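Notes follow the structure.
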Amino acid sequence: MNIKKISPNTFEIALDYKELVFNVWDLFTILGYSDGASPAHLNETIEQVLAEVPSLCRIRGGYSLYTNVEWHNAKSVRLHHVELALGHIVSRQLAHAEAIAVVICTIGAGLEAWVQTLMSAGDYFKGYIADAVASLTVDLAMEKMQAHVEQEQLSKGNKISNLFSPGYCDWHVSQQQQLFALLPMHFCGVSLTESSLMLPIKSISGIIGLGTDMRKVDSTCRFCDKINCNYRRRLENYLQET
Amino acid sequence: MNEFVEQLAICVERGKVNKDAPYPPDLKGQDGADELAKKALDQGLKPDTILDGCILGMDRIGTKFSENKAFVPELLMAAKAMTAAMQHLKPYFQSGEVKRKGTFVIGTVAGDLHDIGKNLVAMVAEGGGFEVIDLGNDVSTDKFLAAIKEHPGCIVGMSALLTTTMVNMEGTIKAIKEQYPDTMVIIGGAPVTQSFADKIGADGYSPDPQGAVALLNKKVA
Ligand code: B12
């Protein structure tokens, strides 16, 4: 992990793929195979995909810290003149935050370009698996970013909240515009379209609350109302194991 | 003839593309969809029977998928086997000797670049016996309108992955209904719900590809 301070409150982090702990069971779960079904026929393709991934990922992430947290009302907060309409669920979790980190993470466009190549050549099977690997990789990378923020905060006697992202709970995706206003332009190579889509696609954004009274729960899925979701199953499996 | 349809349906459902394909292991070394289709034509069976076998096989795997008994990778293998068989039908489609049930124009709406879900629906619709015109990603209203003009009587499908792009469906549907009031439009994608579909005047919604094909079949029935 390579950390660069690019302004007094902004840090950029480069991660190597090797630093991620890739668990193939996670991949099986997000592909749909939850309860112990053994998809042996996927192994060869997964191996082929995983062999390509390290050279196609360029993992970058980072965050800007805001220490002036002004609550506008019970569902929106103002950070440095930018108002984030977080909604009730997220606001409740962050009500006691003393500072907020605005975070993004991406694996770059290399892997998704390869997925497109595979798909246009008609290899949907491999393409789909590569796409799922890409989604999982950016998830794992974001977890690393969070762990880093947590370490930093622990050393200051603080704790952190979960990561909350626009488009989850009652925080609308269109709020990505406000979130991006709190980060440097093209931070980590990520840009936002008018329709609030991040490019590269395999990117994640969000905010983390920091402070002595912050709490991180096992899974933010409990705040989400999407029941039929393979990502939820992945977290549930994980929680059962630990 | 029925026996052939059943054999081909098994290959399609199980994703057995051709003889050399190692998947699925228990069918190793046996003829796949590719060989079966070719042999059927060589033996003088009607080309329609190949389409029947594909439709039956895709219907079975699609149903399993809806029931969470099969997953996307199996669906994709089935689609691959189906494509291998359908390839032999190309000249018959062109000559009009084999007719498909209808034309399905599909695209991801303006402002959105997600296409995995849309691709799956496209494949299953093709396997369901429809000619599929895939307009790709970030498809503008004008592009949808041009495609409807080019394929009179087609059914339109739209996909979106974010609530911010899903809203673009409304304007596109309005424009379609103004110019082509009889065109059926169905929508889908992670954030889409039946109530949203009703609200914006879509004619149908489905959370999965099999449901999409059921809507298409209802329209052409
Ligand atoms: C994997 C995933 C990601 C991956 C990448 C996504 C990708 N496709 O490349 C990553 C981790 C990068 C990601 C990021 C984000 N994501 Co995301 N993600 C998902 C997840 C878990 C699965 C999506 C997926 O690939 N599904 C597999 C495909 C095959 O399914 P599908 O596209 O839905 O298609 C199926 C059906 O919908 C249907 N269908 C599709 N099209 C059509 C069309 C017709 C006509 C019909 C009938 C049917 C149909 O059939 C398909 C096959 O079954 C979903 C939640 C979920 N379980 O759906 C959230 C989800 C899509 N994400 C969401 C959000 C909010 C985000 C972020 C904005 C979060 C953030 N702030 O960082 C970002 C945006 C990224 C960007 N570039 O802007 C929301 C979107 C809803 C919303 N609020 O707008 C979802 C729904 C989660 C939620 N909150 O409920 N995401």
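How things are named: the first chain in the structure tokens is A, the next is B, and so on; residues count from 1 in each chain; ligands count from 1 in the order shown.
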Exercise for the section: Apply DSSP to the backbone of this structure and, from region 106-195 of chain B, keep only the residues in strand (DSSP E); write these as a list in words. Expected result: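 Result set for region 106-195 of chain B (strand (DSSP E)): Ile106, Gly107, Thr108, Phe130, Glu131, Val132, Ile133, Asp134, Ile155, Val156, Gly157, Met158, Ser159, Val185, Ile186, Ile187 and Gly188 of chain B.
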Exercise for the section: Mind the document's chain letters and residue numbers, and return as number ranges by chain the residues of region 130-220 of chain A that DSSP labels alpha helix (DSSP H). Expected result: A: 130-154, 176-181
Practice task
Write out as an MDAnalysis selection string each polymer residue whose atoms come within 8 Å of Gly204 (chain B), counting only C-alpha atoms; drop sequence neighbours fewer than 5 positions from it.
Solution key: chainID B and resid 185:187 194 197:198 215
I need the chain B residues near chain A as an mmCIF file with N, CA, C and O atoms, in the first residue's frame; criterion: at most 7 Å, counting only C-alpha atoms.
```cif
data_model
loop_
_atom_site.group_PDB
_atom_site.id
_atom_site.type_symbol
_atom_site.label_atom_id
_atom_site.label_comp_id
_atom_site.auth_asym_id
_atom_site.auth_seq_id
_atom_site.Cartn_x
_atom_site.Cartn_y
_atom_site.Cartn_z
ATOM 1 N N TYR B 23 -17.432 -29.690 -21.294
ATOM 2 C CA TYR B 23 -18.545 -29.427 -20.380
ATOM 3 C C TYR B 23 -19.863 -29.799 -21.031
ATOM 4 O O TYR B 23 -20.066 -29.533 -22.212
ATOM 5 N N PHE B 71 -27.807 -21.017 -12.356
ATOM 6 C CA PHE B 71 -27.309 -19.655 -12.215
ATOM 7 C C PHE B 71 -26.787 -19.134 -13.545
ATOM 8 O O PHE B 71 -26.764 -19.855 -14.538
ATOM 9 N N VAL B 72 -26.358 -17.874 -13.513
ATOM 10 C CA VAL B 72 -25.963 -17.246 -14.771
ATOM 11 C C VAL B 72 -24.964 -18.088 -15.582
ATOM 12 O O VAL B 72 -25.137 -18.249 -16.783
ATOM 13 N N PRO B 73 -23.915 -18.655 -14.955
ATOM 14 C CA PRO B 73 -22.974 -19.428 -15.777
ATOM 15 C C PRO B 73 -23.656 -20.558 -16.563
ATOM 16 O O PRO B 73 -23.336 -20.777 -17.735
ATOM 17 N N LEU B 76 -25.521 -19.113 -19.437
ATOM 18 C CA LEU B 76 -24.625 -18.697 -20.523
ATOM 19 C C LEU B 76 -24.136 -19.891 -21.332
ATOM 20 O O LEU B 76 -23.993 -19.810 -22.552
ATOM 21 N N MET B 77 -23.873 -21.008 -20.642
ATOM 22 C CA MET B 77 -23.436 -22.210 -21.365
ATOM 23 C C MET B 77 -24.566 -22.689 -22.275
ATOM 24 O O MET B 77 -24.339 -23.095 -23.418
ATOM 25 N N GLY B 111 -27.384 7.181 -20.862
ATOM 26 C CA GLY B 111 -26.694 7.525 -19.623
ATOM 27 C C GLY B 111 -26.190 6.317 -18.852
ATOM 28 O O GLY B 111 -25.523 6.454 -17.836
ATOM 29 N N THR B 163 -30.853 4.010 -10.463
ATOM 30 C CA THR B 163 -32.113 4.770 -10.450
ATOM 31 C C THR B 163 -31.989 6.066 -11.251
ATOM 32 O O THR B 163 -32.965 6.561 -11.787
ATOM 33 N N THR B 164 -30.765 6.602 -11.326
ATOM 34 C CA THR B 164 -30.584 7.858 -12.075
ATOM 35 C C THR B 164 -30.718 7.652 -13.586
ATOM 36 O O THR B 164 -31.024 8.589 -14.311
ATOM 37 N N THR B 165 -30.453 6.455 -14.067
ATOM 38 C CA THR B 165 -30.582 6.219 -15.510
ATOM 39 C C THR B 165 -31.940 5.580 -15.823
ATOM 40 O O THR B 165 -32.490 5.789 -16.897
#
```
Practice task
Find the spatial neighbours of region 210-214 of chain B, counting only C-alpha atoms, within a cut-off of 8 Å - ignore same-chain residues fewer than 4 positions away - and output them as a list in words.
Solution key: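 So the residues in contact are Asp59, Gly62, Thr63, Phe65, Ser66, Val121, Val124, Ala125, Gly128, Ile186, Tyr205, Ser206 and Lys218 of chain B.
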Put those residues in a file: all heavy atoms, as a short mmCIF file (atom, residue, chain, number, x, y, z; two decimals), in the first residue's frame.
```cif
data_model
loop_
_atom_site.label_atom_id
_atom_site.label_comp_id
_atom_site.auth_asym_id
_atom_site.auth_seq_id
_atom_site.Cartn_x
_atom_site.Cartn_y
_atom_site.Cartn_z
N ASP B 59 -36.00 -22.85 -22.63
CA ASP B 59 -37.12 -22.68 -21.72
C ASP B 59 -36.86 -23.43 -20.41
O ASP B 59 -37.09 -22.93 -19.32
CB ASP B 59 -38.40 -23.19 -22.39
CG ASP B 59 -39.61 -22.97 -21.49
OD1 ASP B 59 -39.84 -21.81 -21.11
OD2 ASP B 59 -40.29 -23.96 -21.14
N GLY B 62 -34.08 -21.65 -18.50
CA GLY B 62 -34.60 -20.35 -18.05
C GLY B 62 -35.51 -20.51 -16.84
O GLY B 62 -35.47 -19.72 -15.90
N THR B 63 -36.32 -21.57 -16.87
CA THR B 63 -37.22 -21.81 -15.73
C THR B 63 -36.40 -22.16 -14.49
O THR B 63 -36.66 -21.65 -13.40
CB THR B 63 -38.20 -22.95 -16.07
OG1 THR B 63 -38.87 -22.58 -17.29
CG2 THR B 63 -39.22 -23.16 -14.98
N PHE B 65 -33.47 -21.21 -13.85
CA PHE B 65 -32.83 -19.96 -13.42
C PHE B 65 -33.79 -19.14 -12.58
O PHE B 65 -33.42 -18.64 -11.51
CB PHE B 65 -32.36 -19.18 -14.65
CG PHE B 65 -31.65 -17.89 -14.33
CD1 PHE B 65 -30.34 -17.90 -13.89
CD2 PHE B 65 -32.29 -16.68 -14.49
CE1 PHE B 65 -29.67 -16.71 -13.60
CE2 PHE B 65 -31.64 -15.48 -14.20
CZ PHE B 65 -30.33 -15.49 -13.76
N SER B 66 -35.03 -19.01 -13.06
CA SER B 66 -36.02 -18.23 -12.29
C SER B 66 -36.26 -18.85 -10.93
O SER B 66 -36.60 -18.17 -9.97
CB SER B 66 -37.37 -18.18 -13.01
OG SER B 66 -37.22 -17.84 -14.34
N VAL B 121 -30.73 -11.12 -21.08
CA VAL B 121 -32.10 -11.10 -21.56
C VAL B 121 -32.10 -11.31 -23.08
O VAL B 121 -32.91 -12.08 -23.62
CB VAL B 121 -32.79 -9.77 -21.18
CG1 VAL B 121 -34.19 -9.70 -21.77
CG2 VAL B 121 -32.88 -9.65 -19.66
N VAL B 124 -31.47 -15.04 -23.92
CA VAL B 124 -32.59 -15.91 -23.60
C VAL B 124 -33.75 -15.64 -24.57
O VAL B 124 -34.44 -16.57 -24.99
CB VAL B 124 -33.01 -15.77 -22.12
CG1 VAL B 124 -34.23 -16.61 -21.81
CG2 VAL B 124 -31.86 -16.20 -21.23
N ALA B 125 -33.93 -14.39 -24.98
CA ALA B 125 -34.99 -14.07 -25.94
C ALA B 125 -34.68 -14.72 -27.29
O ALA B 125 -35.58 -15.26 -27.96
CB ALA B 125 -35.12 -12.56 -26.09
N GLY B 128 -35.50 -18.09 -27.09
CA GLY B 128 -36.95 -18.26 -27.02
C GLY B 128 -37.60 -18.16 -28.40
O GLY B 128 -38.82 -18.20 -28.51
N ILE B 186 -41.09 -3.39 -22.84
CA ILE B 186 -40.90 -4.04 -21.53
C ILE B 186 -39.58 -3.55 -20.93
O ILE B 186 -38.65 -3.21 -21.66
CB ILE B 186 -40.94 -5.58 -21.61
CG1 ILE B 186 -39.78 -6.13 -22.43
CG2 ILE B 186 -42.27 -6.06 -22.20
CD1 ILE B 186 -39.64 -7.64 -22.34
N TYR B 205 -42.87 -5.72 -17.11
CA TYR B 205 -41.63 -5.72 -16.34
C TYR B 205 -41.36 -7.15 -15.92
O TYR B 205 -42.30 -7.91 -15.66
CB TYR B 205 -41.76 -4.85 -15.09
CG TYR B 205 -40.82 -5.26 -13.97
CD1 TYR B 205 -39.47 -4.92 -14.05
CD2 TYR B 205 -41.25 -6.05 -12.90
CE1 TYR B 205 -38.57 -5.35 -13.07
CE2 TYR B 205 -40.36 -6.47 -11.91
CZ TYR B 205 -39.03 -6.11 -12.01
OH TYR B 205 -38.14 -6.54 -11.05
N SER B 206 -40.10 -7.52 -15.86
CA SER B 206 -39.78 -8.81 -15.28
C SER B 206 -38.44 -8.72 -14.58
O SER B 206 -37.53 -8.04 -15.06
CB SER B 206 -39.70 -9.89 -16.37
OG SER B 206 -39.02 -11.00 -15.86
N LYS B 218 -46.47 -13.83 -24.83
CA LYS B 218 -47.86 -13.40 -24.66
C LYS B 218 -48.25 -12.42 -25.77
O LYS B 218 -49.34 -12.50 -26.32
CB LYS B 218 -48.01 -12.71 -23.29
CG LYS B 218 -49.27 -13.16 -22.57
CD LYS B 218 -49.19 -12.89 -21.10
CE LYS B 218 -50.01 -11.71 -20.66
NZ LYS B 218 -49.75 -11.37 -19.26
#
```
Practice task
Could you give me, as a PyMOL selection string, the residues within 10 Å of region 132-141 of chain A, counting only C-alpha atoms and dropping anything in the same chain fewer than 2 positions from it?
Solution key: chain A and resi 14-17+19-24+26-28+30-31+46+49-50+53+56-57+59-61+105-112+115+126-130+143-147+201-204+231
Problem - Which of A:Gln48, A:Thr29, A:Asn2, A:Asn73 sits closest to ligand 1 [using only C-alpha atoms and all ligand atoms] - result: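 Nearest candidate to ligand 1 out of A:Gln48, A:Thr29, A:Asn2, A:Asn73: A:Thr29.
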Sorted per-residue table, chain B near ligand 1, closest atoms and distance, 6 Å, only C-alpha atoms and all ligand atoms, as JSON lines:
```
{"residue": "B:His114", "atom": "CA", "partner": "ligand 1", "partner_atom_place_in_ligand_line": "8 (N)", "distance": 5.6}
{"residue": "B:Ile116", "atom": "CA", "partner": "ligand 1", "partner_atom_place_in_ligand_line": "29 (C)", "distance": 5.2}
{"residue": "B:Gly117", "atom": "CA", "partner": "ligand 1", "partner_atom_place_in_ligand_line": "34 (O)", "distance": 3.3}
{"residue": "B:Lys118", "atom": "CA", "partner": "ligand 1", "partner_atom_place_in_ligand_line": "41 (N)", "distance": 4.3}
{"residue": "B:Leu120", "atom": "CA", "partner": "ligand 1", "partner_atom_place_in_ligand_line": "52 (C)", "distance": 5.7}
{"residue": "B:Val121", "atom": "CA", "partner": "ligand 1", "partner_atom_place_in_ligand_line": "50 (O)", "distance": 5.7}
{"residue": "B:Gly157", "atom": "CA", "partner": "ligand 1", "partner_atom_place_in_ligand_line": "45 (C)", "distance": 4.1}
{"residue": "B:Met158", "atom": "CA", "partner": "ligand 1", "partner_atom_place_in_ligand_line": "45 (C)", "distance": 4.7}
{"residue": "B:Ser159", "atom": "CA", "partner": "ligand 1", "partner_atom_place_in_ligand_line": "43 (C)", "distance": 4.0}
{"residue": "B:Leu161", "atom": "CA", "partner": "ligand 1", "partner_atom_place_in_ligand_line": "61 (C)", "distance": 5.2}
{"residue": "B:Leu162", "atom": "CA", "partner": "ligand 1", "partner_atom_place_in_ligand_line": "84 (O)", "distance": 3.4}
{"residue": "B:Thr163", "atom": "CA", "partner": "ligand 1", "partner_atom_place_in_ligand_line": "84 (O)", "distance": 3.7}
{"residue": "B:Ile186", "atom": "CA", "partner": "ligand 1", "partner_atom_place_in_ligand_line": "45 (C)", "distance": 5.0}
{"residue": "B:Ile187", "atom": "CA", "partner": "ligand 1", "partner_atom_place_in_ligand_line": "45 (C)", "distance": 3.8}
{"residue": "B:Gly188", "atom": "CA", "partner": "ligand 1", "partner_atom_place_in_ligand_line": "46 (C)", "distance": 3.5}
{"residue": "B:Gly189", "atom": "CA", "partner": "ligand 1", "partner_atom_place_in_ligand_line": "37 (O)", "distance": 3.2}
{"residue": "B:Ala190", "atom": "CA", "partner": "ligand 1", "partner_atom_place_in_ligand_line": "33 (O)", "distance": 3.8}
{"residue": "B:Pro191", "atom": "CA", "partner": "ligand 1", "partner_atom_place_in_ligand_line": "81 (C)", "distance": 4.8}
{"residue": "B:Tyr205", "atom": "CA", "partner": "ligand 1", "partner_atom_place_in_ligand_line": "47 (C)", "distance": 5.2}
{"residue": "B:Ser206", "atom": "CA", "partner": "ligand 1", "partner_atom_place_in_ligand_line": "47 (C)", "distance": 4.3}
{"residue": "B:Pro207", "atom": "CA", "partner": "ligand 1", "partner_atom_place_in_ligand_line": "38 (C)", "distance": 4.9}
{"residue": "B:Asp208", "atom": "CA", "partner": "ligand 1", "partner_atom_place_in_ligand_line": "50 (O)", "distance": 4.0}
{"residue": "B:Pro209", "atom": "CA", "partner": "ligand 1", "partner_atom_place_in_ligand_line": "50 (O)", "distance": 4.9}
{"residue": "B:Ala212", "atom": "CA", "partner": "ligand 1", "partner_atom_place_in_ligand_line": "47 (C)", "distance": 4.3}
```
Practice task
Write out as a ChimeraX atom specification which residues come within 7 Å of region 210-214 of chain A when counting only C-alpha atoms, dropping same-chain ones fewer than 5 positions away.
Solution key: /A:96-100,157-161
Please produce a file of those selected residues containing C-alpha atoms, as a CSV table (one decimal), in the first residue's frame.
```csv
chain,number,residue,atom,x,y,z
A,96,HIS,CA,-22.2,11.6,16.3
A,97,ALA,CA,-19.5,11.7,13.7
A,98,GLU,CA,-16.8,14.3,14.6
A,99,ALA,CA,-15.3,14.0,11.1
A,100,ILE,CA,-16.3,12.4,7.8
A,157,GLY,CA,-8.2,7.2,19.6
A,158,ASN,CA,-11.1,7.3,17.2
A,159,LYS,CA,-13.4,4.7,15.7
A,160,ILE,CA,-15.1,4.5,12.3
A,161,SER,CA,-18.6,3.8,11.0
```
Handout entry: From B:Val5, B:Thr183, B:Glu131, B:Ala147, residue lying nearest Lys46 (chain B) [only C-alpha atoms]
Key =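 Selected residue with least distance to Lys46 (chain B): B:Val5.
With distances restricted to only C-alpha atoms, A:Trp114 is the closest residue to Ser55 (chain A) from A:Trp114, A:Leu179, A:Val149, A:Val90.
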Exercise for the section: Would you list the contacts of Leu135 (chain B) as a PyMOL selection string, taking every protein, DNA or RNA residue within 9 Å and counting only C-alpha atoms, but skipping same-chain residues closer than 5 positions in sequence? Expected result: chain B and resi 105-108+143-144+147
